[in-house]
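For reference, the structure is listed below as structure tokens.
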Amino acid sequence: MADDNKKKKSNKGKTAFMFAFAVTVLGSRAASATAAAAPVNVDDFEDQTTETADSNLGTNPELRQLSGNVYAASESATSVNAFKNALNNVQGFGAYCRFHDGGHVEGNVAALETNNLFTFNTGIRSSVANAGTHYVQYLKQVPQNGIKLTIADGTDFELVLGFDFTEDRTIDNGHGLGFTAGGQTYVIDCGGKVDQVKLTRADGSNSFENIEDNLDAIAEAGQALIESMDYSAEDSKTAITDAYNQIVLNGNGGTDSTLSAGQTIVVSVDSKDLPNCENDLRKLIENNNGYQIIVNVITSADTYDVSFGNVNSDGWCNAAANVVFNFGTYSGRISAPQIGGIFVAPNASFNVGGNLAGSVIADSIYMNNEIHQVTATDVYVEDTEEKDVESEQDTPNIDEQNPNPDGDDDDNTEDIGDDDDDDTVVGDDDDDDTVVDDGD
């Protein structure tokens, strides 16, 4: 708990915000791809013995203060587990939202509405070891301006459509693909790789399909987590630094550590302090030693804009999958530069200002740059064994991956940044896309 002589600020009635997830490739109907360099394993979190929990966290507490606004969560931390459970239905998507302002997403998209579905998997295939082969996109409504899929060799895309349609594979003498809906034909630009695209009518069996209810549940659970934490406004200015120092102090969960690998660190920081801790944010994102970290972003009723400043983290940072930014029910605007993490802001408008390694869960997502989907392995706990089975069938599964082998942060918004032969110039709408070799 924060010291008694420090001013404590109640989060009751306050709004707040948080995201995240990277390209995933589905085992059956979903896609799984990138993960953290040393991903947190949920088994380590759930299977701690009473003796281990007692020695690390005290006698069965849910939360133990490490420093200032930084806490360690045990396996019995109700609010933390409820938040993680709420995220289960949206696993495996780089962008999950009500409205998606079309742009370059290296990963899976689920949206009620989009003006342009523009997705890739070429960067994932070349930058992520053991990347999967099956990718899923879900659209509740017909996109306003079309669909473009840039598909790596040896992979396939499944379009799950939430409306009635008639598939059309007669376009361009069978070299093109599209569908008819509402009396209008829509052409899918897939570079002639029609055999690598499958169209499926959503039937309600997909746990990620109910976008509005999922977003509402995540916002509620995120806000409950924020309000469950003791919070000192005085300690907010150093909260990110304090969290990173705990990572350094505890190393990789060795014998001298006060934490075990798989435990969750929860830190609370005022949104106004985020631009002043850019360097430590970058270190927390890139060098978290595999600990899962939830950053509760504290806002107030008069907070309309939140900015992260110039973090400039690696655009293909696998370790970013371990850092979740929780915005709770915050409903204003968020601006993120080149950064990494899982950004969970179900009621907010999120502006992708630079390459983002991770994922975004928001009310609306505006793409001024790229999302490189990076998601962690098995970081979510489940309510019941029965739900485990359902989740495996219906949500994108995330395979454990190795770090980016070539270190390419893909700063060029027109070059995919791969080192294989599948690179394609972004924005080329014909079927003879230009191959690019960036020399990595």
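Letters A, B, ... mark the chains of the structure tokens in the order given; residue numbers begin at 1 per chain; ligand numbers begin at 1, in order shown.
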
Among region 238-282 of chain A, which residues carry a DSSP assignment of strand (DSSP E or B), reported as a ChimeraX atom specification?
/A:264-270

May I have all residues of region 159-318 of chain A that DSSP, computed from the backbone, assigns to alpha helix (DSSP H), given as a compact mmCIF listing (two decimals) with N, CA, C and O atoms, in the first residue's frame?
```txt
# COMPACT_ATOMS: atom_id res chain seq x y z
N ILE A 211 -18.58 -8.11 -31.28
CA ILE A 211 -17.62 -7.05 -31.01
C ILE A 211 -18.10 -6.08 -29.94
O ILE A 211 -17.37 -5.76 -28.99
N GLU A 212 -19.32 -5.60 -30.05
CA GLU A 212 -19.78 -4.58 -29.10
C GLU A 212 -19.83 -5.11 -27.68
O GLU A 212 -19.37 -4.45 -26.74
N ASP A 213 -20.39 -6.30 -27.49
CA ASP A 213 -20.46 -6.88 -26.15
C ASP A 213 -19.07 -7.17 -25.60
O ASP A 213 -18.80 -6.98 -24.40
N ASN A 214 -18.17 -7.67 -26.45
CA ASN A 214 -16.80 -7.94 -26.01
C ASN A 214 -16.10 -6.67 -25.56
O ASN A 214 -15.43 -6.65 -24.52
N LEU A 215 -16.24 -5.60 -26.33
CA LEU A 215 -15.60 -4.34 -25.97
C LEU A 215 -16.18 -3.79 -24.66
O LEU A 215 -15.43 -3.29 -23.81
N ASP A 216 -17.48 -3.88 -24.51
CA ASP A 216 -18.11 -3.40 -23.27
C ASP A 216 -17.61 -4.18 -22.06
O ASP A 216 -17.33 -3.61 -21.00
N ALA A 217 -17.49 -5.50 -22.20
CA ALA A 217 -17.03 -6.34 -21.09
C ALA A 217 -15.57 -6.04 -20.73
O ALA A 217 -15.21 -6.00 -19.55
N ILE A 218 -14.75 -5.81 -21.75
CA ILE A 218 -13.34 -5.50 -21.50
C ILE A 218 -13.20 -4.15 -20.81
O ILE A 218 -12.41 -3.99 -19.87
N ALA A 219 -13.97 -3.16 -21.26
CA ALA A 219 -13.92 -1.83 -20.63
C ALA A 219 -14.33 -1.90 -19.16
O ALA A 219 -13.68 -1.30 -18.29
N GLU A 220 -15.39 -2.65 -18.88
CA GLU A 220 -15.87 -2.78 -17.51
C GLU A 220 -14.83 -3.47 -16.63
O GLU A 220 -14.55 -3.03 -15.50
N ALA A 221 -14.24 -4.55 -17.12
CA ALA A 221 -13.23 -5.27 -16.34
C ALA A 221 -11.97 -4.43 -16.16
O ALA A 221 -11.35 -4.45 -15.09
N GLY A 222 -11.59 -3.69 -17.20
CA GLY A 222 -10.42 -2.82 -17.09
C GLY A 222 -10.62 -1.71 -16.08
O GLY A 222 -9.71 -1.39 -15.30
N GLN A 223 -11.80 -1.11 -16.06
CA GLN A 223 -12.08 -0.05 -15.10
C GLN A 223 -12.13 -0.59 -13.68
O GLN A 223 -11.65 0.04 -12.74
N ALA A 224 -12.70 -1.79 -13.53
CA ALA A 224 -12.75 -2.42 -12.20
C ALA A 224 -11.33 -2.68 -11.67
O ALA A 224 -11.07 -2.51 -10.48
N LEU A 225 -10.42 -3.08 -12.56
CA LEU A 225 -9.04 -3.30 -12.16
C LEU A 225 -8.41 -1.98 -11.70
O LEU A 225 -7.75 -1.92 -10.65
N ILE A 226 -8.63 -0.92 -12.45
CA ILE A 226 -8.08 0.39 -12.09
C ILE A 226 -8.58 0.82 -10.72
O ILE A 226 -7.81 1.28 -9.86
N GLU A 227 -9.88 0.66 -10.48
CA GLU A 227 -10.47 1.12 -9.23
C GLU A 227 -10.12 0.22 -8.05
O GLU A 227 -10.26 0.63 -6.90
N SER A 228 -9.63 -0.98 -8.33
CA SER A 228 -9.27 -1.90 -7.24
C SER A 228 -7.89 -1.61 -6.68
O SER A 228 -7.54 -2.11 -5.60
N ALA A 233 -1.04 9.79 -6.38
CA ALA A 233 -0.74 10.75 -7.43
C ALA A 233 0.71 11.20 -7.36
O ALA A 233 1.36 11.46 -8.38
N GLU A 234 1.25 11.26 -6.15
CA GLU A 234 2.65 11.67 -5.97
C GLU A 234 3.61 10.68 -6.60
O GLU A 234 4.64 11.05 -7.16
N ASP A 235 3.27 9.38 -6.52
CA ASP A 235 4.16 8.34 -7.06
C ASP A 235 3.99 8.13 -8.56
O ASP A 235 4.75 7.36 -9.16
N SER A 236 2.99 8.76 -9.17
CA SER A 236 2.73 8.54 -10.58
C SER A 236 3.89 8.96 -11.47
O SER A 236 4.20 8.31 -12.46
N ALA A 239 6.30 6.18 -11.68
CA ALA A 239 5.73 4.83 -11.69
C ALA A 239 6.36 3.94 -12.76
O ALA A 239 6.67 2.77 -12.51
N ILE A 240 6.53 4.46 -13.98
CA ILE A 240 7.11 3.65 -15.06
C ILE A 240 8.57 3.32 -14.75
O ILE A 240 9.01 2.18 -14.95
N THR A 241 9.30 4.30 -14.24
CA THR A 241 10.69 4.06 -13.84
C THR A 241 10.75 3.02 -12.73
O THR A 241 11.59 2.11 -12.75
N ASP A 242 9.84 3.15 -11.75
CA ASP A 242 9.82 2.19 -10.64
C ASP A 242 9.53 0.78 -11.16
O ASP A 242 10.12 -0.20 -10.68
N ALA A 243 8.60 0.67 -12.11
CA ALA A 243 8.27 -0.65 -12.65
C ALA A 243 9.47 -1.26 -13.36
O ALA A 243 9.76 -2.45 -13.19
N TYR A 244 10.17 -0.47 -14.17
CA TYR A 244 11.33 -0.99 -14.87
C TYR A 244 12.42 -1.39 -13.87
O TYR A 244 13.10 -2.42 -14.04
N ASN A 245 12.61 -0.60 -12.83
CA ASN A 245 13.61 -0.93 -11.82
C ASN A 245 13.29 -2.25 -11.14
O ASN A 245 14.20 -3.00 -10.76
N GLN A 246 12.02 -2.57 -10.97
CA GLN A 246 11.64 -3.86 -10.40
C GLN A 246 12.01 -5.00 -11.35
O GLN A 246 12.43 -6.07 -10.90
N ILE A 247 11.86 -4.75 -12.66
CA ILE A 247 12.26 -5.75 -13.65
C ILE A 247 13.76 -6.01 -13.54
O ILE A 247 14.22 -7.16 -13.52
N VAL A 248 14.55 -4.95 -13.44
CA VAL A 248 16.01 -5.08 -13.32
C VAL A 248 16.36 -5.77 -12.01
O VAL A 248 17.21 -6.68 -11.97
N LEU A 249 15.69 -5.37 -10.92
CA LEU A 249 15.98 -5.94 -9.61
C LEU A 249 15.69 -7.43 -9.56
O LEU A 249 16.45 -8.20 -8.98
N ASN A 250 14.60 -7.84 -10.20
CA ASN A 250 14.17 -9.23 -10.13
C ASN A 250 14.75 -10.10 -11.23
O ASN A 250 14.56 -11.30 -11.23
N GLU A 278 9.40 8.72 -21.60
CA GLU A 278 9.56 8.02 -22.87
C GLU A 278 10.66 6.97 -22.81
O GLU A 278 10.48 5.84 -23.30
N ASN A 279 11.82 7.31 -22.25
CA ASN A 279 12.94 6.37 -22.24
C ASN A 279 12.64 5.14 -21.41
O ASN A 279 12.94 4.00 -21.82
N ASP A 280 12.04 5.33 -20.23
CA ASP A 280 11.73 4.18 -19.39
C ASP A 280 10.57 3.37 -19.96
O ASP A 280 10.52 2.15 -19.76
N LEU A 281 9.65 4.01 -20.66
CA LEU A 281 8.60 3.26 -21.35
C LEU A 281 9.21 2.34 -22.40
O LEU A 281 8.84 1.17 -22.52
N ARG A 282 10.17 2.88 -23.17
CA ARG A 282 10.82 2.06 -24.19
C ARG A 282 11.55 0.88 -23.55
O ARG A 282 11.46 -0.26 -24.03
N LYS A 283 12.24 1.11 -22.45
CA LYS A 283 12.95 0.02 -21.78
C LYS A 283 11.98 -1.02 -21.22
O LYS A 283 12.24 -2.22 -21.28
N LEU A 284 10.86 -0.55 -20.69
CA LEU A 284 9.86 -1.47 -20.15
C LEU A 284 9.29 -2.35 -21.26
O LEU A 284 9.05 -3.54 -21.07
N ILE A 285 9.07 -1.76 -22.44
CA ILE A 285 8.50 -2.48 -23.57
C ILE A 285 9.49 -3.47 -24.16
O ILE A 285 9.14 -4.61 -24.48
N GLU A 286 10.74 -3.06 -24.29
CA GLU A 286 11.72 -3.89 -24.99
C GLU A 286 12.49 -4.84 -24.09
O GLU A 286 13.01 -5.85 -24.57
```

Might you pull out every residue within 6 Å of region 336-346 of chain A, with only C-alpha atoms counted and same-chain residues fewer than 2 positions away left off, and present them as an NGL selection string?
:A and (17-21 or 215 or 219 or 308 or 310-313 or 320-321 or 323-327 or 348 or 352-363)

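Proximity of A:Ile265, A:Leu139, A:Leu149, A:Cys97 to Ser74 (chain A), computed with only C-alpha atoms, is greatest for A:Ile265.
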
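You will find CA of Thr264 (chain A) at 20.2 Å from CA of Asn89 (chain A).
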
Selection near Gly103 (chain A), 10 Å with only C-alpha atoms, sequence-local residues under 2 positions removed, as a compact mmCIF listing (two decimals) with N, CA, C and O atoms, in the first residue's frame:
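Final output, selection.txt:
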```
# COMPACT_ATOMS: atom_id res chain seq x y z
N HIS A 100 -12.73 0.77 -38.10
CA HIS A 100 -11.32 0.74 -38.48
C HIS A 100 -11.12 1.61 -39.72
O HIS A 100 -11.70 1.35 -40.77
N ASP A 101 -10.31 2.66 -39.56
CA ASP A 101 -9.95 3.51 -40.68
C ASP A 101 -8.81 2.82 -41.41
O ASP A 101 -7.68 2.83 -40.96
N VAL A 105 -2.13 -3.14 -41.83
CA VAL A 105 -2.10 -3.97 -40.62
C VAL A 105 -1.41 -5.28 -40.96
O VAL A 105 -1.86 -6.03 -41.82
N GLU A 106 -0.26 -5.54 -40.31
CA GLU A 106 0.41 -6.83 -40.44
C GLU A 106 -0.20 -7.75 -39.39
O GLU A 106 0.30 -7.91 -38.29
N THR A 114 -15.34 -0.94 -41.59
CA THR A 114 -14.05 -0.45 -42.06
C THR A 114 -14.22 0.18 -43.42
O THR A 114 -15.06 -0.25 -44.21
N ASN A 115 -13.45 1.23 -43.68
CA ASN A 115 -13.52 1.84 -45.01
C ASN A 115 -12.61 1.14 -46.00
O ASN A 115 -12.76 1.29 -47.21
N ASN A 116 -11.64 0.36 -45.49
CA ASN A 116 -10.70 -0.31 -46.37
C ASN A 116 -9.94 -1.37 -45.59
O ASN A 116 -9.16 -1.03 -44.70
N LEU A 117 -10.17 -2.63 -45.89
CA LEU A 117 -9.41 -3.70 -45.24
C LEU A 117 -8.11 -3.91 -46.02
O LEU A 117 -8.13 -4.32 -47.17
N PHE A 118 -6.97 -3.64 -45.39
CA PHE A 118 -5.67 -3.62 -46.06
C PHE A 118 -4.69 -4.37 -45.15
O PHE A 118 -4.09 -3.79 -44.26
N THR A 119 -4.57 -5.70 -45.33
CA THR A 119 -3.81 -6.51 -44.39
C THR A 119 -2.71 -7.31 -45.08
O THR A 119 -2.77 -7.61 -46.27
N VAL A 352 -2.88 5.59 -34.61
CA VAL A 352 -1.59 4.93 -34.78
C VAL A 352 -0.67 5.89 -35.54
O VAL A 352 -0.74 6.03 -36.75
N ILE A 365 -10.12 2.95 -34.62
CA ILE A 365 -8.68 2.96 -34.86
C ILE A 365 -8.40 3.70 -36.15
O ILE A 365 -8.96 3.37 -37.20
N TYR A 366 -7.56 4.72 -36.07
CA TYR A 366 -7.20 5.53 -37.24
C TYR A 366 -5.74 5.27 -37.57
O TYR A 366 -4.85 5.42 -36.73
N MET A 367 -5.51 4.87 -38.81
CA MET A 367 -4.20 4.38 -39.22
C MET A 367 -3.41 5.45 -39.98
O MET A 367 -3.63 5.68 -41.16
N ASN A 368 -2.48 6.10 -39.29
CA ASN A 368 -1.52 6.98 -39.96
C ASN A 368 -0.18 6.28 -40.14
O ASN A 368 0.75 6.87 -40.69
N ASN A 369 -0.09 5.07 -39.66
CA ASN A 369 1.10 4.25 -39.87
C ASN A 369 0.68 2.79 -39.73
O ASN A 369 -0.48 2.47 -39.97
N GLU A 370 1.57 1.90 -39.32
CA GLU A 370 1.34 0.46 -39.40
C GLU A 370 1.16 -0.17 -38.02
O GLU A 370 1.78 0.25 -37.05
N ILE A 371 0.34 -1.21 -37.98
CA ILE A 371 0.27 -2.10 -36.82
C ILE A 371 0.97 -3.40 -37.20
O ILE A 371 0.60 -4.03 -38.19
N GLY A 427 0.29 -0.62 -51.55
CA GLY A 427 -0.48 0.33 -52.33
C GLY A 427 -0.52 0.02 -53.80
O GLY A 427 -1.20 0.70 -54.57
```

Which residue gives the smallest distance to Glu75 (chain A) among A:Glu62, A:Phe157, A:Ser364, A:Ala111, with only C-alpha atoms counted?
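Under the stated criterion, the closest residue is A:Glu62.
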